[in-house]
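Colleague: Structure provided below as structure tokens; questions to follow.
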Amino acid sequence: MATALAACAIAPTAQAQLGGGLLELPGVELPGGGQAPAQVPTYQADDGRGVRNILPPGQNGLLNAPQLGAFASAGARPKHSDDQLKMYGDLVFATPGLSAASLDNFFKDASFGVKPGDVERSYSPRSDVTILRDKGFGVPHVYGSTRAGSMFGAGYVGGEDRLFFMDVLRNLGRAQLSTFAGGANREMDREQWLQTPYTEADLQRQVDQLDDLYGAEGKQIQDDAAAYVDGINAYIANAKINPLLMPAEYAAIGRAGGPEPWSTRDVIATAALVGGIFGKGGGEELDSALAYQEARRLFGKRVGTKVWRDFRSAEDPEAPTTVLRKRFPYQAQPKKVRKNSVALPDRGSVKKSKAVPGESASRSSTASSGGPLDGLLAFPTANSNALLVSAKEPQTGRPIAVMGPQTGYFAPQILMEIDIHGPGIDARGAAFPGVNLYVQLGRGRDYAFSATSAGQDIIDTFAAPLCEPGGDAPTLDSMHYIFRGKCEPIEVLERKNSWMSSAGDMTPSGSETLRAERTKLGIVNARATIKGKPVVYTKLRSTYLHEVDSARGFVDFNDPAKMKNAQDFQRAASKIGYTF
């Protein structure tokens, strides 16, 4: 389920090759500027060379009403909407016989800048940013004379290339995609609400706390996000007066007026969705306990325990490894089990949480188990990959990396490409729409970076005893729990969704209210008894309520002044709380 591949062979002497002149291009200055016009560096300025990428099907994700009509009547596709698909698809047929000389048949040039004569369009949506689109594939090259200009440009091109997709992501991040796009998306909303329920106040607090938690680093992200959102809203304003800029999908779902204005809360909601899908792991302790109990029932205590140990995710001496002559024990069995730390539920007592109370277990099992989902989006399981070759192996003496992050097949793609430059930022590559302030998978001046979803255990499971504030005996239905010796109330979070049948989704009109329960130990996953006493099982993801804190690492990845060596990269990566 591949969506992007990057191949690079950057010269080890790249630092000595960096440098280049500036080419100032005229742009259209819009009101609200006043800053110096952005200057555009020459092609491959400050570029270590040797980087290629591919991101099918194409850069352009806009399908306006006339284009939708042309596609429906004659199959005509908008320019740059699928011009990378054949290159990507043909690669699997290129072996044996693949050579360096044939790479350009399968990967496109991912250098900084645009080749002379290859500028398809040059425009300035604000006076401190200039955007070039190349003729070859329509990739946006954003140049800001100020950092805010660069961020504004990133938001603007995000709107150009993925506006409707961005709207889908911010609504699904809030578990309200069914309200936005139709009732076929109910299961996705339910799963999101069970895993990552947020109020608008929760989203805003995650923006506001950044400078309090991280000082100047956090303030920079706040400023970047504000300028980025301004860019998205500038495009929306243009699309509302020029129907050729408005995605036709809005009319199809009964929202012909287009999107509501963007806010920084939407950045948080999108990050919560993306990070919650691709950047988490663990949290299955309760299901593991149930599997343990069932194995012992089926096979007996001794054999059942061996069966469970063989299948559980823990240190496995038989697992294949990629690092030779070194051992890195991972999730090893603890030598001693802490007293009172075992919280096995009584057999048959577990009642899993449901997003829609009162619904049958079979109806809600899809959402709670992460199984196949109906609706607009369906993401792959873990398939990301990377092949790294050190400089001593290739005949060229240059290190090689072929990196394939996997996010599924979509049209338009759930990733978008951007080449972005300005104060403190020089990077090109892919990013998720709605959070494409920074390149998340790509290259800097003389280095490249990608991600796989490692799935480390960043979700803890707790069993919290239930209680009654008046001192009465608790039951499985009690709405208080014991935390640090106090009887605390369980917070109830509800999301009311309602939808109308439309051309884009003919699900009959309807509504439902989603429910989640939240404690200081995370989201309630189930209720059960342990030795007859009622408890709630909760899941606490380490990045919950801190969805954009990881942006600090990506800020560093994109900043050439902070990326001088491998240690700098490791320091930046350590700031990313997700399991990428």
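By convention here, the chains of the structure tokens are called A, B, ... in the order presented, each chain's residues are numbered starting at 1, and ligands are numbered starting at 1 in the order presented.
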Which residues are near stretch 435-452 of chain A? Cut-off 8 Å, only C-alpha atoms, ignore same chain within fewer than 3 positions. Put them as a ChimeraX atom specification.

Modeller: /A:6,8,10-11,14-15,18,46-49,51,151,154-155,158,224-225,228,267,270-271,384-386,403-406,418,426-432,554-555,557-560,580

Colleague: Please identify all polymer residues within 9 Å of A:Pro423, counting only C-alpha atoms, omitting same-chain residues fewer than 5 positions from it, and present them as a PyMOL selection string.

Modeller: chain A and resi 144-148+150+559

Colleague: Pick out the residues sitting within 10 Å of A:Lys351, and hand them over as an MDAnalysis selection string; count only C-alpha atoms, and ignore anything fewer than 6 positions along from it in its own chain.

Modeller: chainID A and resid 361 476 525:529 536:537

Colleague: Can you tell me, as a ChimeraX atom specification, what residues are no more than 12 Å from A:Pro317 when counting only C-alpha atoms, ignoring any on the same chain fewer than 5 positions away?

Modeller: /A:310,327-333

Colleague: Would you return as a PDB file with C-alpha atoms, in the first residue's frame the members of stretch 74-169 of chain A that DSSP assigns to alpha helix (DSSP H) on this structure's backbone?

Modeller:
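Output file selection19.pdb follows:
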ATOM      1  CA  ALA A  74     -15.147  11.859 -21.257  1.00  0.00           C
ATOM      2  CA  LEU A  85       0.970   7.176 -11.315  1.00  0.00           C
ATOM      3  CA  LYS A  86       2.463   5.346 -14.304  1.00  0.00           C
ATOM      4  CA  MET A  87       6.026   6.052 -13.181  1.00  0.00           C
ATOM      5  CA  TYR A  88       5.272   4.615  -9.766  1.00  0.00           C
ATOM      6  CA  GLY A  89       3.413   1.592 -11.145  1.00  0.00           C
ATOM      7  CA  ASP A  90       6.065   0.719 -13.723  1.00  0.00           C
ATOM      8  CA  ARG A 147       9.143  32.892   8.017  1.00  0.00           C
ATOM      9  CA  ALA A 148       5.501  33.905   8.324  1.00  0.00           C
ATOM     10  CA  GLY A 149       5.432  34.309   4.540  1.00  0.00           C
ATOM     11  CA  SER A 150       6.713  30.764   4.059  1.00  0.00           C
ATOM     12  CA  MET A 151       4.092  29.397   6.474  1.00  0.00           C
ATOM     13  CA  PHE A 152       1.364  31.436   4.770  1.00  0.00           C
ATOM     14  CA  GLY A 153       2.476  29.972   1.453  1.00  0.00           C
ATOM     15  CA  ALA A 154       2.380  26.430   2.856  1.00  0.00           C
ATOM     16  CA  GLY A 155      -1.206  26.973   3.949  1.00  0.00           C
ATOM     17  CA  TYR A 156      -2.166  28.512   0.631  1.00  0.00           C
ATOM     18  CA  VAL A 157      -0.789  25.661  -1.499  1.00  0.00           C
ATOM     19  CA  GLY A 158      -2.366  23.183   0.910  1.00  0.00           C
ATOM     20  CA  GLY A 159      -5.701  24.783   0.094  1.00  0.00           C
ATOM     21  CA  GLU A 160      -4.938  24.740  -3.620  1.00  0.00           C
ATOM     22  CA  ASP A 161      -4.006  21.066  -3.766  1.00  0.00           C
ATOM     23  CA  ARG A 162      -5.983  19.373  -0.966  1.00  0.00           C
ATOM     24  CA  LEU A 163      -8.708  21.658   0.400  1.00  0.00           C
ATOM     25  CA  PHE A 164     -11.522  19.118   0.493  1.00  0.00           C
ATOM     26  CA  PHE A 165      -9.224  16.386   1.814  1.00  0.00           C
ATOM     27  CA  MET A 166      -8.053  18.752   4.546  1.00  0.00           C
ATOM     28  CA  ASP A 167     -11.680  19.360   5.464  1.00  0.00           C
ATOM     29  CA  VAL A 168     -12.287  15.614   5.658  1.00  0.00           C
ATOM     30  CA  LEU A 169      -9.303  15.189   7.982  1.00  0.00           C
TER      31      LEU A 169
END

Colleague: Kindly give the distance, in Å, that separates atom CA of A:Leu344 and atom CA of A:Thr196, rounded to a single decimal.

Modeller: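 These atoms are spaced 24.9 Å apart.
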
Colleague: With 6 Å as the cut-off and only C-alpha atoms counted, what is the closest atom pair between each nearby residue of stretch 466-520 of chain A and stretch 252-256 of chain A? Distances in Å to one decimal, ordered by chain and number, as a tab-separated table.

Modeller:
residue	atom	partner	partner_atom	distance
A:Ser502	CA	A:Ile253	CA	5.4
A:Ala503	CA	A:Ala252	CA	5.3
A:Gly504	CA	A:Ala252	CA	4.9

Colleague: Hey, can you check how far atom CA of A:Leu55 sits from atom CA of A:Ile425?

Modeller: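 Going from atom CA of A:Leu55 over to atom CA of A:Ile425 covers 21.7 Å.
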
Colleague: Give me, as an MDAnalysis selection string, all polymer residues having an atom no more than 8 Å from A:Gly577, counting only C-alpha atoms and skipping those fewer than 2 positions away in the same chain.

Modeller: chainID A and resid 542:543 549:550 574:575 579

Colleague: List as a list in words the protein and nucleic acid residues near A:Thr513, meaning an atom at most 10 Å away when only C-alpha atoms are counted, but skip any in the same chain fewer than 5 places from it.

Modeller: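 Using only C-alpha atoms, the neighbours found are Arg190, Ala355, Val356, Pro357, Glu494, Arg495, Lys496, Asn497 and Ser498 of chain A.
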
Colleague: Expressed in Å to a single decimal, how great is the separation between atom CA of A:Phe462 and atom CA of A:Arg338?

Modeller: 14.4 Å

Colleague: From the DSSP assignment of the backbone, select every residue of stretch 257-454 of chain A that is strand (DSSP E), and format the answer as JSON, numbers by chain.

Modeller: {"A": [351, 352, 385, 386, 387, 388, 389, 400, 401, 402, 403, 404, 416, 417, 418, 419, 420, 421, 422, 425, 426, 427, 428, 429, 430, 431, 441, 442, 443, 448, 449]}

Colleague: Any idea what's packed within 6 Å of A:Arg265, counting only C-alpha atoms, ignoring anything in its chain fewer than 2 positions away? Could you give it as a list in words?

Modeller: Leu203, Gln204, Ser263, Val267 and Ile268 of chain A

Colleague: Residues as selected, N, CA and C atoms, written as a compact mmCIF listing (two decimals), in the first residue's frame, can you do that?

Modeller:
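Writing the result to result_23.txt gives the following:
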# COMPACT_ATOMS: atom_id res chain seq x y z
N LEU A 203 -8.81 21.19 22.25
CA LEU A 203 -8.00 21.52 21.08
C LEU A 203 -7.31 22.87 21.26
N GLN A 204 -8.05 23.85 21.74
CA GLN A 204 -7.48 25.18 21.91
C GLN A 204 -6.39 25.17 22.98
N SER A 263 -9.04 27.30 11.59
CA SER A 263 -8.46 27.82 12.82
C SER A 263 -7.30 26.91 13.22
N VAL A 267 -5.71 22.39 13.02
CA VAL A 267 -4.38 21.79 12.91
C VAL A 267 -4.23 20.70 13.98
N ILE A 268 -4.70 20.98 15.19
CA ILE A 268 -4.63 20.01 16.28
C ILE A 268 -5.49 18.79 15.96

Colleague: Nearest residue to A:Pro57 out of A:Thr322, A:Gln39, A:Ser81, A:Ser99, using only C-alpha atoms?

Modeller: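 Result for the nearest residue to A:Pro57: A:Ser81.
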
Colleague: Name the closest residue to A:Leu545 among the candidates A:Ala295, A:Leu466, A:Ala269, A:Ala100; distances are taken between atoms, counting only C-alpha atoms.

Modeller: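 Among A:Ala295, A:Leu466, A:Ala269, A:Ala100, it is A:Ala269 that comes nearest to A:Leu545.
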
Colleague: Identify which of the residues A:Glu512, A:Gly231, A:Trp308, A:Leu290 lies closest to A:Gln176, counting only C-alpha atoms when measuring atom-to-atom distances.

Modeller: A:Glu512

Colleague: From the options A:Gly275, A:Val229, A:Ala248, A:Asn565, which residue's atoms come nearest to A:Pro261, counting only C-alpha atoms?

Modeller: A:Val229
